[in-house]
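Peer 1: I am attaching a structure below and will ask some questions about it afterwards.
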Amino acid sequence: MTALAPRTAGDGTIQLATVRTRNYKLAISLAIATVLLGLLFLVAPRSGVSIFQIGSSSTALKVADIQVPSGSTAWITWALLLVLTVLAALDAWTYRKARLWVPIVYALLAVFAFLTWAAAGGGVVPVSGLLAGALSLSVPLVFGALGGVIGERGGVVNVAIEGQFLLGAFSAAVLASITHNPFVGLIGAMVGGVLVSFLLGAFGIKYLVDQVIVGVVLNVLVTGLTGFLYGVLLAPNEALLNSPPTFPRWKIPLLGDIPVIGPVFFNQTFIVYLMYVTVAVVAWALYRTRWGLRLRSVGEHPQAADTVGIRVNTTRFWNVSLAGAIAGIGGAYFTLVSVPHFTKEMTAGVGSLAMACGIFGR
Amino acid sequence: MSGSTPTNDGAAGVPLGEAELPRAGGPLTGEPAPREGEEFPPTRSGVFLKELLRGSAVTTFLAIVLAMIVGGILIAVTNKDVQAASSYFFARPGDTLVAIWQGVYNGYEALFRGAVFNARGADFAAQIRPLTNSLGFATPLIAAGLGVALAFRAGLFNIGARGQMLVGAIFAGLFAFNLDLPMWLHLPLTLLAGIVGGALWGGLVGLLKAKTGAHEVILTIMLNYVALSLVSWMVRTPELLQKAGSNQPISAPTPETAQYPSLFGPQFPLLNWGFPVVVVTTLIVWWLIERSSLGFRMRAVGENPHAARAAGISVQRMYIYAMLFAGGLAGLAAMSQILGSVTSGFDSGIDAGIGFDAITVALLGRSRAWGTFWAGLLFGALKAGSFTMQAAQGIPVDIVLVVQSLIVLFIAAPPLIRAVFFLPKDESELSTRGKARAARRTARSEEKAVAS
């Protein structure tokens, strides 16, 4: 960090100097990761070949597996990582803003290098399988984070995502089991999420209780409530109330045939497609519609919004409800896609991870 | 001991100054206006804490009653007999009412029997055993609750009691379990190791918040995961914590010399010397927060960090201290678990939800030391009673979570309690409502004028 002091020029006027800062955050993080990876390769060297299995049996187009020599590939990738780290450090040194592609490429290369090392000695890396696993883990996170973002933009800290997940998962399981229709379960999940949001709104907006505290307490409340109802209602009537049908996989005709990503992204359940649509719609609507403008104004400057006639509390209340509905869909993923069965505390902290994702993605 | 109840704290000569301050009058949005040049506008937590501290014992009591009523409704609705009787409700409504009364009464009677006094016990020891069980369950809750409460007073929301407990257990397991010492040395050393472990984990949060401005809620949530994974990994690794000659992911059992001795003998299995330790700790924390200069500075930071900074208090240092103490108290809670309740070795579930219950305990105790103590006792009793409730009446223990969280929610919203029990509204409520009505009236008359 350099700061140039104001100079006094010859004629006595003070010339203000621009203060420029060097931001080393990215460079330092990359350097730490590079050193750690290098140490790993150095301390535990592994030889042989690593096999990357690109295609999967379900695709029409067969792609041959790629074999790479483990040791040299890992070290070459590591050298590339080092170059990227130096690049980031140079950028920071010359006061330039960090380039966005550097961390992205770095992350991809680092994962590649690590997988090469981990699969050394003839190990197989199922690329499609890994991607599919990552996607299925991320679906509830994405919905939850969207719920968090909508709340955050409207000036309500939505910590109750965990509770919205859990009640969503619960009501989805019960309703889908009764009606034998996963879509009814999905709607039930949204209603469940909205109910938690109503409580959050009632206490956090109407009674002005600290929203973080309401959120945390609501999570406990929903954990207790679903656990209680599971014990007295679901456990004795498993067949009737807790055996929801799952969403079938739908393959999108052309996109689903793309070799690597096709089966991963376009041979999925309804909820995953709904996720693509929801993300796109929310991202567009936040910045391009009247709803988004109002929501952001209520969050950023409630007094100003109030002055121009937007009802701050009402707007917040309904948007938190919307956030609850979206998070509820994420909850439905647990019982209508992952495991067709509700169990106590099945969301196990995914809600707080989703909150962190929302904050990370701003 | 004049300050032995939460309501007496003010009377004990602690001029907290809340009563003199003008009411935090929010504008229409209920959020205080952010002032120029301020990175952090005074958050709602400030208003919330004031509300929490202002609330009276009456509100607390009514909140507990209301939460028990809601719990009773849940019990009644899910009761088999009630469901059977309600099918012919209109023919004989009396049956349903009797069934509801029976279900709820039996449930809460079992709760009382498991928590306070068992009249069916054979001798006095058996009759009084539930009470000692409650004290045993309350011990870690109080310790961890004190940690959360102390952080609250410094304006920090510590959700990380769970992680701090786990790291406390790790430290005790790594540094104190393998020693061979006499009890008078081994027990304090183990306690110390646990407290230091928790304090370091908590202090890390304070350090990161002070140095980088990271939000402590996110930090503590994430560090909980780190600690959880750390314990899971360590109890799987034979060189670290895993029990020698075992494949189970569990640590070695707590050595005999490090365990808390029983307080009144083996007929009260859950009550041990951990309880007196926690009582003394409560006293120390009370002194620290309410009487010491350090506590005064921490409270100043919690009330208003900007004013505290202007007064020459190092806000960053206070954050670090507060989190160090909070973590240490959570570590003490972990010690009461592994030195008292679970001596057969621990795994990643050693915190048993106490880390999160501690938040509700601290909130119910209004972030005061003795308030937290009584709240911990109440929640310990609920916990002890819930097991009897499940065994005798088939009511899942989770009902206690519902009741606990409802108590905290209701306490945090006194206007709701006042509305439910038809208590007089407080002045500000009346005035805001009057203002709103007047505004609506003028708006309506203006509309009429425009229309005509």
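As shown in the structure tokens, the chain order sets the letters A, B, ...; within each chain, residues go from 1, and ligands are also counted from 1 in the order they appear.
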What's the 8 Å shell around region 164-174 of chain A, counting only C-alpha atoms, without same-chain residues fewer than 3 positions away, as a count of residues only?

Peer 2: 44

Peer 1: Show which residues sit within 9 Å of region 235-252 of chain B, as a list in words. Count only C-alpha atoms, and ignore same-chain residues fewer than 5 positions away.

Peer 2: Ile170, Gly173, Leu174, Phe177, Leu230, Ser344, Gly345, Phe346, Asp347 and Ser348 of chain B

Peer 1: Would you pick out the contacts of Val86 (chain A) at 9 Å or less, using only C-alpha atoms, so that residues sharing its chain but fewer than 4 positions from it are not included, and give the list as a count of residues only?

Peer 2: 6

Peer 1: Do me a favour and pick out the residues of chain A within 9 Å of chain B, using only C-alpha atoms, as number ranges by chain.

Peer 2: A: 203, 205-214, 216-233, 302-303, 306, 311-313, 349, 352-353, 355-356, 359

Peer 1: Taking C-alpha atoms for each residue, export the selection above as a PDB file, in the first residue's frame.

Peer 2:
ATOM      1  CA  PHE A 203     -40.515 -11.339  13.861  1.00  0.00           C
ATOM      2  CA  ILE A 205     -39.748  -7.038  10.089  1.00  0.00           C
ATOM      3  CA  LYS A 206     -42.827  -6.431  12.204  1.00  0.00           C
ATOM      4  CA  TYR A 207     -41.392  -6.932  15.676  1.00  0.00           C
ATOM      5  CA  LEU A 208     -37.899  -5.714  14.754  1.00  0.00           C
ATOM      6  CA  VAL A 209     -36.096  -8.630  16.322  1.00  0.00           C
ATOM      7  CA  ASP A 210     -32.553  -8.995  15.004  1.00  0.00           C
ATOM      8  CA  GLN A 211     -32.931 -10.975  11.796  1.00  0.00           C
ATOM      9  CA  VAL A 212     -29.858 -13.089  12.356  1.00  0.00           C
ATOM     10  CA  ILE A 213     -31.181 -14.179  15.730  1.00  0.00           C
ATOM     11  CA  VAL A 214     -34.660 -14.902  14.364  1.00  0.00           C
ATOM     12  CA  VAL A 216     -30.957 -18.995  13.963  1.00  0.00           C
ATOM     13  CA  VAL A 217     -33.863 -19.589  16.318  1.00  0.00           C
ATOM     14  CA  LEU A 218     -36.170 -20.476  13.428  1.00  0.00           C
ATOM     15  CA  ASN A 219     -33.663 -23.082  12.287  1.00  0.00           C
ATOM     16  CA  VAL A 220     -33.841 -24.647  15.736  1.00  0.00           C
ATOM     17  CA  LEU A 221     -37.634 -24.379  15.727  1.00  0.00           C
ATOM     18  CA  VAL A 222     -37.989 -26.108  12.375  1.00  0.00           C
ATOM     19  CA  THR A 223     -35.458 -28.763  13.340  1.00  0.00           C
ATOM     20  CA  GLY A 224     -37.490 -29.489  16.453  1.00  0.00           C
ATOM     21  CA  LEU A 225     -40.834 -29.318  14.690  1.00  0.00           C
ATOM     22  CA  THR A 226     -39.908 -31.605  11.805  1.00  0.00           C
ATOM     23  CA  GLY A 227     -38.145 -33.960  14.202  1.00  0.00           C
ATOM     24  CA  PHE A 228     -41.235 -34.077  16.405  1.00  0.00           C
ATOM     25  CA  LEU A 229     -43.630 -34.599  13.514  1.00  0.00           C
ATOM     26  CA  TYR A 230     -41.296 -37.193  12.032  1.00  0.00           C
ATOM     27  CA  GLY A 231     -41.358 -39.074  15.315  1.00  0.00           C
ATOM     28  CA  VAL A 232     -45.130 -39.019  15.858  1.00  0.00           C
ATOM     29  CA  LEU A 233     -46.478 -39.009  12.294  1.00  0.00           C
ATOM     30  CA  PRO A 302     -34.927   2.131   2.818  1.00  0.00           C
ATOM     31  CA  GLN A 303     -35.474   5.794   3.713  1.00  0.00           C
ATOM     32  CA  ASP A 306     -39.960   5.057   1.643  1.00  0.00           C
ATOM     33  CA  ARG A 311     -43.830   0.363   1.137  1.00  0.00           C
ATOM     34  CA  VAL A 312     -40.598  -0.849   2.627  1.00  0.00           C
ATOM     35  CA  ASN A 313     -41.899  -3.384   5.093  1.00  0.00           C
ATOM     36  CA  GLY A 349     -25.832 -27.722   7.591  1.00  0.00           C
ATOM     37  CA  SER A 352     -25.486 -22.386   6.243  1.00  0.00           C
ATOM     38  CA  LEU A 353     -23.265 -23.395   3.338  1.00  0.00           C
ATOM     39  CA  MET A 355     -25.816 -18.729   3.014  1.00  0.00           C
ATOM     40  CA  ALA A 356     -22.053 -18.586   2.649  1.00  0.00           C
ATOM     41  CA  ILE A 359     -22.410 -14.023   0.503  1.00  0.00           C
TER      42      ILE A 359
END

Peer 1: Can you list, as a ChimeraX atom specification, every residue of region 168-316 of chain A that DSSP puts in strand (DSSP E or B)?

Peer 2: /A:249-251,267-269

Peer 1: List the neighbours of Phe264 (chain B) out to 10 Å using only C-alpha atoms; skip same-chain residues closer than 6 positions along the sequence, and give me the result as a ChimeraX atom specification.

Peer 2: /B:132,271-273
